[in-house]
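What follows is target14.txt (compact mmCIF, C-alpha atoms and all ligand atoms).
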# COMPACT_ATOMS: atom_id res chain seq x y z
CA MET A 18 -5.80 19.20 -32.93
CA ALA A 19 -4.80 21.00 -36.14
CA LYS A 20 -1.67 19.61 -37.77
CA ALA A 21 1.32 21.77 -38.67
CA LYS A 22 1.61 22.17 -42.43
CA ILE A 23 5.06 21.48 -43.81
CA ALA A 24 6.64 22.58 -47.09
CA ILE A 25 9.75 20.52 -47.85
CA LEU A 26 12.51 21.92 -50.05
CA ILE A 27 14.77 19.43 -51.83
CA SER A 28 17.44 19.44 -54.53
CA GLY A 29 18.07 15.75 -55.16
CA ALA A 30 17.08 12.22 -54.22
CA GLY A 31 14.70 13.36 -51.53
CA THR A 32 15.12 10.36 -49.23
CA ASN A 33 14.74 12.58 -46.15
CA MET A 34 11.65 14.12 -47.74
CA ALA A 35 10.29 10.57 -48.20
CA ALA A 36 11.04 9.74 -44.54
CA LEU A 37 9.06 12.82 -43.44
CA LEU A 38 6.25 11.99 -45.83
CA TYR A 39 5.90 8.37 -44.69
CA ALA A 40 6.01 9.40 -41.02
CA ALA A 41 3.21 11.88 -41.77
CA LYS A 42 0.96 9.00 -42.84
CA HIS A 43 0.57 7.91 -39.22
CA PRO A 44 -2.69 9.37 -37.92
CA ASP A 45 -0.99 10.64 -34.73
CA CYS A 46 1.73 12.53 -36.61
CA PRO A 47 1.40 16.22 -35.66
CA TYR A 48 2.33 17.45 -39.13
CA GLU A 49 1.25 16.96 -42.72
CA ILE A 50 3.17 17.67 -45.92
CA VAL A 51 1.50 20.30 -48.09
CA LEU A 52 4.22 20.96 -50.66
CA VAL A 53 7.49 19.57 -51.96
CA ALA A 54 9.42 22.22 -53.89
CA SER A 55 12.79 22.14 -55.61
CA ASN A 56 15.31 24.36 -57.34
CA ASN A 57 16.09 21.34 -59.53
CA PRO A 58 13.27 20.30 -61.90
CA GLN A 59 15.03 16.93 -62.34
CA ALA A 60 15.13 16.14 -58.62
CA GLU A 61 14.12 12.50 -58.12
CA GLY A 62 12.26 13.38 -54.96
CA LEU A 63 9.69 15.40 -56.93
CA LYS A 64 8.48 12.23 -58.64
CA ILE A 65 8.15 10.40 -55.33
CA ALA A 66 6.12 13.26 -53.85
CA ALA A 67 3.88 13.57 -56.92
CA ALA A 68 3.21 9.81 -56.87
CA GLU A 69 2.12 10.20 -53.23
CA GLY A 70 -0.35 12.90 -54.25
CA ILE A 71 1.60 15.77 -52.74
CA GLU A 72 1.64 19.15 -54.51
CA THR A 73 5.03 19.77 -56.12
CA PHE A 74 6.74 22.82 -57.53
CA ALA A 75 10.02 23.17 -59.38
CA GLN A 76 11.80 26.32 -60.38
CA SER A 77 15.39 26.20 -61.53
CA HIS A 78 17.60 28.80 -59.90
CA GLU A 79 19.65 29.22 -63.07
CA HIS A 80 19.74 32.71 -64.56
CA ILE A 81 17.62 34.07 -61.71
CA ASP A 82 18.74 36.41 -58.98
CA ARG A 83 18.88 34.61 -55.59
CA ALA A 84 16.42 37.00 -53.96
CA VAL A 85 13.95 36.62 -56.83
CA HIS A 86 14.22 32.82 -56.77
CA ASP A 87 13.70 32.74 -53.00
CA ALA A 88 10.68 35.05 -53.36
CA MET A 89 9.15 32.64 -55.91
CA MET A 90 9.68 29.75 -53.50
CA HIS A 91 8.25 31.76 -50.63
CA ASP A 92 5.10 32.61 -52.60
CA ARG A 93 4.45 28.97 -53.43
CA ILE A 94 5.07 27.91 -49.83
CA VAL A 95 2.61 30.51 -48.54
CA HIS A 96 0.12 29.61 -51.27
CA ALA A 97 0.25 25.95 -50.17
CA GLY A 98 -0.71 27.10 -46.65
CA ALA A 99 2.55 25.95 -45.02
CA THR A 100 3.22 26.88 -41.40
CA HIS A 101 6.78 25.50 -41.43
CA VAL A 102 9.58 24.79 -43.91
CA ALA A 103 11.75 21.67 -43.73
CA LEU A 104 14.95 21.79 -45.76
CA ALA A 105 15.91 18.27 -46.81
CA GLY A 106 19.00 18.29 -48.95
CA TYR A 107 18.16 21.74 -50.36
CA MET A 108 21.57 22.68 -51.68
CA ARG A 109 21.01 26.42 -51.99
CA ILE A 110 22.19 29.20 -49.73
CA LEU A 111 19.08 31.14 -48.76
CA SER A 112 18.82 34.92 -48.83
CA GLU A 113 18.59 36.72 -45.51
CA ALA A 114 15.10 37.96 -46.38
CA PHE A 115 13.85 34.39 -46.88
CA VAL A 116 15.45 33.18 -43.66
CA GLU A 117 13.94 36.09 -41.74
CA LYS A 118 10.44 35.33 -43.02
CA TRP A 119 10.64 31.74 -41.73
CA GLU A 120 12.77 32.29 -38.64
CA GLY A 121 11.80 29.87 -35.88
CA ARG A 122 9.70 27.90 -38.38
CA MET A 123 12.39 26.51 -40.69
CA LEU A 124 14.47 23.40 -39.92
CA ASN A 125 17.33 21.74 -41.76
CA ILE A 126 19.04 18.37 -41.62
CA HIS A 127 22.80 18.31 -41.88
CA PRO A 128 25.06 15.23 -42.16
CA SER A 129 27.43 15.94 -39.27
CA LEU A 130 27.41 16.39 -35.52
CA LEU A 131 27.16 20.19 -35.56
CA PRO A 132 28.96 22.41 -34.72
CA ARG A 133 31.55 20.11 -36.33
CA TYR A 134 31.88 20.09 -40.12
CA LYS A 135 29.55 22.75 -41.42
CA GLY A 136 29.13 23.01 -45.20
CA LEU A 137 30.13 20.18 -47.59
CA ASN A 138 32.30 17.02 -47.47
CA THR A 139 31.30 16.31 -43.90
CA HIS A 140 31.94 12.55 -44.00
CA GLN A 141 35.41 12.78 -45.53
CA SER A 142 36.29 15.47 -42.99
CA ALA A 143 35.21 13.21 -40.11
CA ILE A 144 37.22 10.27 -41.49
CA ASP A 145 40.30 12.45 -42.18
CA ALA A 146 40.15 13.85 -38.66
CA GLY A 147 40.27 10.28 -37.28
CA ASP A 148 36.91 10.74 -35.53
CA GLN A 149 35.34 7.70 -33.89
CA VAL A 150 31.82 8.94 -34.50
CA ALA A 151 30.05 10.85 -37.23
CA GLY A 152 26.33 11.59 -37.30
CA CYS A 153 23.61 13.99 -38.25
CA SER A 154 21.87 17.03 -36.79
CA VAL A 155 18.54 18.77 -37.20
CA HIS A 156 18.77 22.47 -36.49
CA LEU A 157 16.85 25.70 -36.84
CA VAL A 158 17.88 27.74 -39.83
CA THR A 159 19.42 31.14 -39.23
CA ALA A 160 21.19 33.52 -41.59
CA GLU A 161 24.58 31.96 -40.78
CA LEU A 162 25.12 28.61 -42.57
CA ASP A 163 24.49 25.48 -40.42
CA SER A 164 24.64 27.54 -37.22
CA GLY A 165 21.11 27.72 -35.76
CA SER A 166 20.16 25.94 -32.51
CA VAL A 167 20.56 22.19 -32.73
CA LEU A 168 17.25 20.44 -31.97
CA GLY A 169 18.45 16.85 -32.15
CA GLN A 170 21.35 14.62 -33.19
CA ILE A 171 22.14 10.95 -33.74
CA GLU A 172 25.71 9.67 -33.45
CA VAL A 173 26.86 7.05 -35.95
CA ALA A 174 30.02 5.05 -35.21
CA ILE A 175 32.70 5.18 -37.88
CA VAL A 176 33.73 1.65 -38.87
CA GLU A 177 37.31 0.84 -39.78
CA GLY A 178 37.70 1.04 -43.54
CA ASP A 179 34.68 3.32 -44.02
CA THR A 180 34.81 5.45 -47.15
CA ALA A 181 32.88 8.70 -47.28
CA ASP A 182 30.19 7.01 -49.40
CA ILE A 183 29.76 4.03 -47.09
CA LEU A 184 29.60 6.31 -44.06
CA ALA A 185 27.17 8.67 -45.84
CA ALA A 186 24.78 5.78 -46.54
CA ARG A 187 24.76 4.77 -42.86
CA VAL A 188 24.37 8.33 -41.65
CA LYS A 189 21.40 8.66 -44.01
CA MET A 190 19.65 5.81 -42.22
CA ALA A 191 20.11 7.78 -39.01
CA GLU A 192 18.87 10.94 -40.73
CA HIS A 193 15.66 9.15 -41.69
CA GLN A 194 15.08 8.27 -38.03
CA LEU A 195 16.01 11.68 -36.70
CA TYR A 196 14.20 14.15 -38.93
CA PRO A 197 10.60 12.89 -38.56
CA ARG A 198 11.02 12.61 -34.77
CA VAL A 199 12.57 16.06 -34.27
CA LEU A 200 10.12 17.78 -36.61
CA ALA A 201 7.20 16.16 -34.77
CA GLU A 202 8.58 17.26 -31.38
CA TYR A 203 9.27 20.76 -32.63
CA VAL A 204 5.84 21.45 -34.11
CA SER A 205 4.11 19.84 -31.11
CA ARG A 206 5.85 21.86 -28.44
CA ALA A 207 4.67 25.11 -30.04
CA ILE A 208 1.12 24.16 -29.06
CA ASP A 209 1.87 22.07 -25.95
CA PRO A 210 0.32 23.77 -22.89
CA ALA A 211 3.12 22.57 -20.55
CA TRP A 212 5.86 23.88 -22.83
CA LEU A 213 4.03 27.18 -23.40
CA THR A 214 3.54 27.64 -19.64
CA ALA A 215 7.24 27.00 -19.03
CA LYS A 216 8.16 29.64 -21.63
CA VAL A 217 5.88 32.22 -19.99
CA ARG A 218 7.23 31.29 -16.55
CA GLU A 219 10.80 31.92 -17.67
CA LEU A 220 9.91 35.37 -19.04
CA ALA A 221 7.58 36.36 -16.20
CA LEU A 222 9.99 35.40 -13.41
CA ALA A 223 12.69 37.43 -15.16
CA GLN A 224 10.72 40.55 -14.15
CA PRO A 225 12.04 42.12 -10.94
CA GLU A 226 10.66 40.88 -7.61
CA SER A 227 8.15 38.59 -9.25
CA ASP A 228 6.79 35.28 -8.05
CA GLU A 229 4.34 32.61 -9.08
CA VAL A 230 1.18 31.42 -7.39
CA THR A 231 -1.81 29.46 -8.58
CA SER A 232 -5.01 31.42 -8.88
CA HIS A 233 -8.31 29.80 -9.90
CA GLY A 234 -6.24 26.91 -11.21
CA MET A 235 -4.12 29.16 -13.42
CA PRO A 236 -0.36 29.79 -13.15
CA CYS A 237 -0.30 33.41 -12.09
CA PHE A 238 2.64 35.83 -11.85
CA GLY A 239 2.79 38.85 -9.58
CA ILE A 240 5.05 41.16 -7.69
CA ILE A 241 6.00 39.53 -4.37
CA GLY A 242 3.33 40.59 -1.86
CA GLY A 243 1.77 42.81 -4.50
CA LYS A 244 -0.41 42.80 -7.57
CA LYS A 245 -0.64 40.21 -10.36
CA PHE A 246 0.62 41.07 -13.82
CA ALA A 247 0.11 37.86 -15.81
CA TYR A 248 -1.90 34.65 -15.93
CA VAL A 249 -1.60 31.61 -18.15
CA SER A 250 -5.09 30.56 -19.14
CA LEU A 251 -5.20 26.79 -19.74
CA ASP A 252 -8.44 25.59 -21.28
CA HIS A 253 -10.27 27.99 -18.95
CA HIS A 254 -13.89 26.84 -18.53
CA GLY A 255 -13.24 24.45 -21.42
CA ASP A 256 -12.54 27.22 -23.98
CA GLY A 257 -9.77 25.06 -25.50
CA LYS A 258 -7.29 27.93 -25.51
CA THR A 259 -3.79 28.30 -24.09
CA ALA A 260 -3.26 32.02 -23.64
CA LEU A 261 -1.31 34.69 -21.81
CA LEU A 262 -3.39 37.29 -19.98
CA VAL A 263 -1.71 40.64 -19.39
CA LYS A 264 -2.71 44.13 -18.24
CA ILE A 265 -3.65 46.78 -20.78
CA SER A 266 -4.85 50.38 -20.49
CA GLY A 267 -8.56 49.63 -20.88
CA ALA A 268 -11.53 49.01 -23.17
CA GLU A 269 -10.18 51.06 -26.07
CA GLU A 270 -6.87 49.21 -26.29
CA GLN A 271 -8.69 45.92 -25.82
CA ALA A 272 -11.04 46.62 -28.74
CA MET A 273 -8.16 47.84 -30.90
CA LEU A 274 -6.11 44.68 -30.29
CA ILE A 275 -9.03 42.34 -30.96
CA ASP A 276 -9.81 44.28 -34.11
CA SER A 277 -6.19 43.98 -35.28
CA ASP A 278 -6.14 40.16 -35.00
CA GLU A 279 -9.32 38.41 -33.93
CA GLU A 280 -7.76 34.97 -33.86
CA ARG A 281 -4.95 35.97 -31.49
CA TYR A 282 -6.45 38.51 -29.10
CA TYR A 283 -9.60 38.11 -27.05
CA ARG A 284 -11.42 39.55 -24.06
CA PRO A 285 -10.75 37.16 -21.18
CA ALA A 286 -13.96 36.15 -19.39
CA TYR A 287 -14.26 37.52 -15.80
CA PHE A 288 -11.21 39.81 -16.17
CA GLY A 289 -12.91 42.96 -17.46
CA ASP A 290 -11.54 45.72 -19.67
CA GLY A 291 -8.12 45.98 -18.07
CA TRP A 292 -6.79 42.70 -19.45
CA ILE A 293 -6.19 41.12 -22.82
CA GLY A 294 -5.94 37.43 -23.71
CA ILE A 295 -3.19 36.55 -26.19
CA ARG A 296 -3.39 33.06 -27.71
CA LEU A 297 -0.13 31.13 -27.34
CA ASP A 298 -1.31 28.01 -29.13
CA LEU A 299 -1.44 29.23 -32.71
CA GLY A 300 2.00 27.78 -33.43
CA ASP A 301 3.67 31.06 -34.35
CA THR A 302 4.14 32.84 -31.01
CA ASP A 303 6.71 35.62 -31.10
CA TRP A 304 8.41 35.17 -27.72
CA ASP A 305 10.32 38.47 -27.82
CA HIS A 306 6.95 40.13 -28.17
CA MET A 307 5.55 38.13 -25.22
CA GLY A 308 8.54 39.32 -23.17
CA GLU A 309 7.65 42.90 -24.04
CA TRP A 310 4.00 42.34 -23.08
CA LEU A 311 5.07 40.91 -19.72
CA ALA A 312 7.46 43.80 -19.03
CA LYS A 313 4.72 46.31 -19.89
CA SER A 314 2.20 44.51 -17.71
CA TRP A 315 4.70 44.31 -14.82
CA ARG A 316 5.25 48.05 -15.14
CA ALA A 317 1.49 48.68 -15.02
CA VAL A 318 1.16 47.10 -11.56
CA ALA A 319 4.62 47.67 -10.03
CA PRO A 320 4.79 50.12 -7.11
CA LYS A 321 6.47 53.46 -7.90
CA LYS A 322 9.53 52.69 -5.80
CA LEU A 323 10.28 49.67 -7.98
CA THR A 324 9.67 51.34 -11.35
CA LYS A 325 11.80 54.30 -10.21
CA LEU A 326 14.63 51.95 -9.35
CA MET A 327 14.28 50.39 -12.78
CA ASP A 328 14.33 53.81 -14.45
CA VAL A 329 17.50 54.74 -12.59
CA ALA A 330 19.11 51.40 -13.52
CA GLY A 331 18.06 51.96 -17.15
CA GLU A 332 20.01 55.22 -17.27
CA PHE A 333 23.30 53.45 -16.73
C1 LIG B 1 21.32 14.47 -46.79
O1 LIG B 1 22.38 13.66 -46.37
C2 LIG B 1 21.34 15.78 -46.03
O2 LIG B 1 21.78 15.65 -44.70
C3 LIG B 1 22.32 16.58 -46.85
O3 LIG B 1 22.00 16.26 -48.17
C4 LIG B 1 21.51 14.94 -48.23
C5 LIG B 1 20.23 14.92 -49.01
O4 LIG B 1 19.81 13.62 -49.24
N1 LIG B 1 22.20 17.99 -46.59
C6 LIG B 1 23.22 18.83 -46.56
O5 LIG B 1 24.36 18.50 -46.79
C7 LIG B 1 22.85 20.26 -46.21
N2 LIG B 1 24.00 21.01 -45.88
P1 LIG B 1 18.30 13.31 -49.64
O6 LIG B 1 17.98 14.16 -50.86
O7 LIG B 1 18.33 11.85 -49.99
O8 LIG B 1 17.43 13.60 -48.48

Just give me the structure as structure tokens.
Amino acid sequence: MAKAKIAILISGAGTNMAALLYAAKHPDCPYEIVLVASNNPQAEGLKIAAAEGIETFAQSHEHIDRAVHDAMMHDRIVHAGATHVALAGYMRILSEAFVEKWEGRMLNIHPSLLPRYKGLNTHQSAIDAGDQVAGCSVHLVTAELDSGSVLGQIEVAIVEGDTADILAARVKMAEHQLYPRVLAEYVSRAIDPAWLTAKVRELALAQPESDEVTSHGMPCFGIIGGKKFAYVSLDHHGDGKTALLVKISGAEEQAMLIDSDEERYYRPAYFGDGWIGIRLDLGDTDWDHMGEWLAKSWRAVAPKKLTKLMDVAGEF
């Protein structure tokens, strides 16, 4: 199975970067590190990465417009062939354009139990608030600071007499456990047939009057007592693919789609011209787009009385 390719962005010591890098040395780790980049040419972590034979890149952000600096980082990340970005103590606010380009494929580690204590001074804030536990979180990065979906957390008990520094050092140990595990889970689920099937199921069953049956061993979604509008193809006849099959208008659309992206779209065997196969296991599936495909496919097979009802509902 192909490994996810990770670019790690750091600004300082890079101990989380090192934790990710050492975890990636295990043969079963589902990711590999392809780049360690920094906005701080003096970052200690760059030396560690270079000594491990990892490509490094440093570009100070000083005297450069944020958008331009982010674009330079983005170019290097793409050039290194990265599929995902892991922020590990990257102390820069990212431009919206950068975040948008990596949405759903960029994670961050933060030293608090989010949503508590976003931003800086997290440990002192936890101590000052009289909290019993502090901790760390790995979350998806969205335009709003430290606010994307939390993917995993570890709680760390606050010990009487803890200073912010002592607590920070203990939380870091937890960070080093958490980040490699969550990153591995996250990149794996994007190609895990069971997880992909569950995602399709959720979107397909959200279509009106739809149900699920098994057809030729495939999870298959249709209108209750009516026609089928989607199949999940799971290693069908040993083709190794996990894909969504949906209705299209015919041979012309099928050829056009395959032509537009030969890796993603294919003609599903035994289904003819009226269907298209869309690979779900490439690691970058756009689920909003899959929802649109399913709605369109549902519409193509739904009886008039149902689509009319939907049209009327849509007017309100
Ligand atoms: C880590 O504690 C990380 O959680 C924190 O910076 C430190 C970097 O340490 N990140 C943030 O505060 C982001 N808001 P490291 O360079 O040794 O990994």

From A:Lys189, A:His80, A:Lys313, A:His91, residue lying nearest ligand LIG 1 (chain B) [all atoms listed in the file] |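 Comparing A:Lys189, A:His80, A:Lys313, A:His91 against ligand LIG 1 (chain B), the winner is A:Lys189.
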
For Leu130 in chain A, work out the shell of residues within 6 Å, counting all atoms listed in the file and skipping chain neighbours fewer than 6 positions away, then give it as a PyMOL selection string.
-> chain A and resi 152-154

Can you pull out every residue within 10 Å of Glu229 in chain A, counting all atoms listed in the file, but drop anything in the same chain fewer than 4 positions away, and send it as an MDAnalysis selection string?
-> chainID A and resid 218 221:222 236:241 245 247:248

With a distance cut-off of 9 Å and all atoms listed in the file, select the neighbouring residues of Ala99 in chain A, excluding the residue or stretch itself and same-chain residues fewer than 4 positions from it, and output the selection as a PyMOL selection string.
-> chain A and resi 21-24+50-52+94-95

Step by step, gather every atom of ligand LIG 1 (chain B) that the file lists, find the box along x, y and z that holds them, add 5 Å on each side, and finally give centre and edge lengths in Å to one decimal, as AutoDock Vina command-line options.
--center_x 20.9 --center_y 16.4 --center_z -47.8 --size_x 16.9 --size_y 19.2 --size_z 16.2

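Atom pair CA of Leu131 in chain A / CA of Asn57 in chain A: separated by 26.4 Å.
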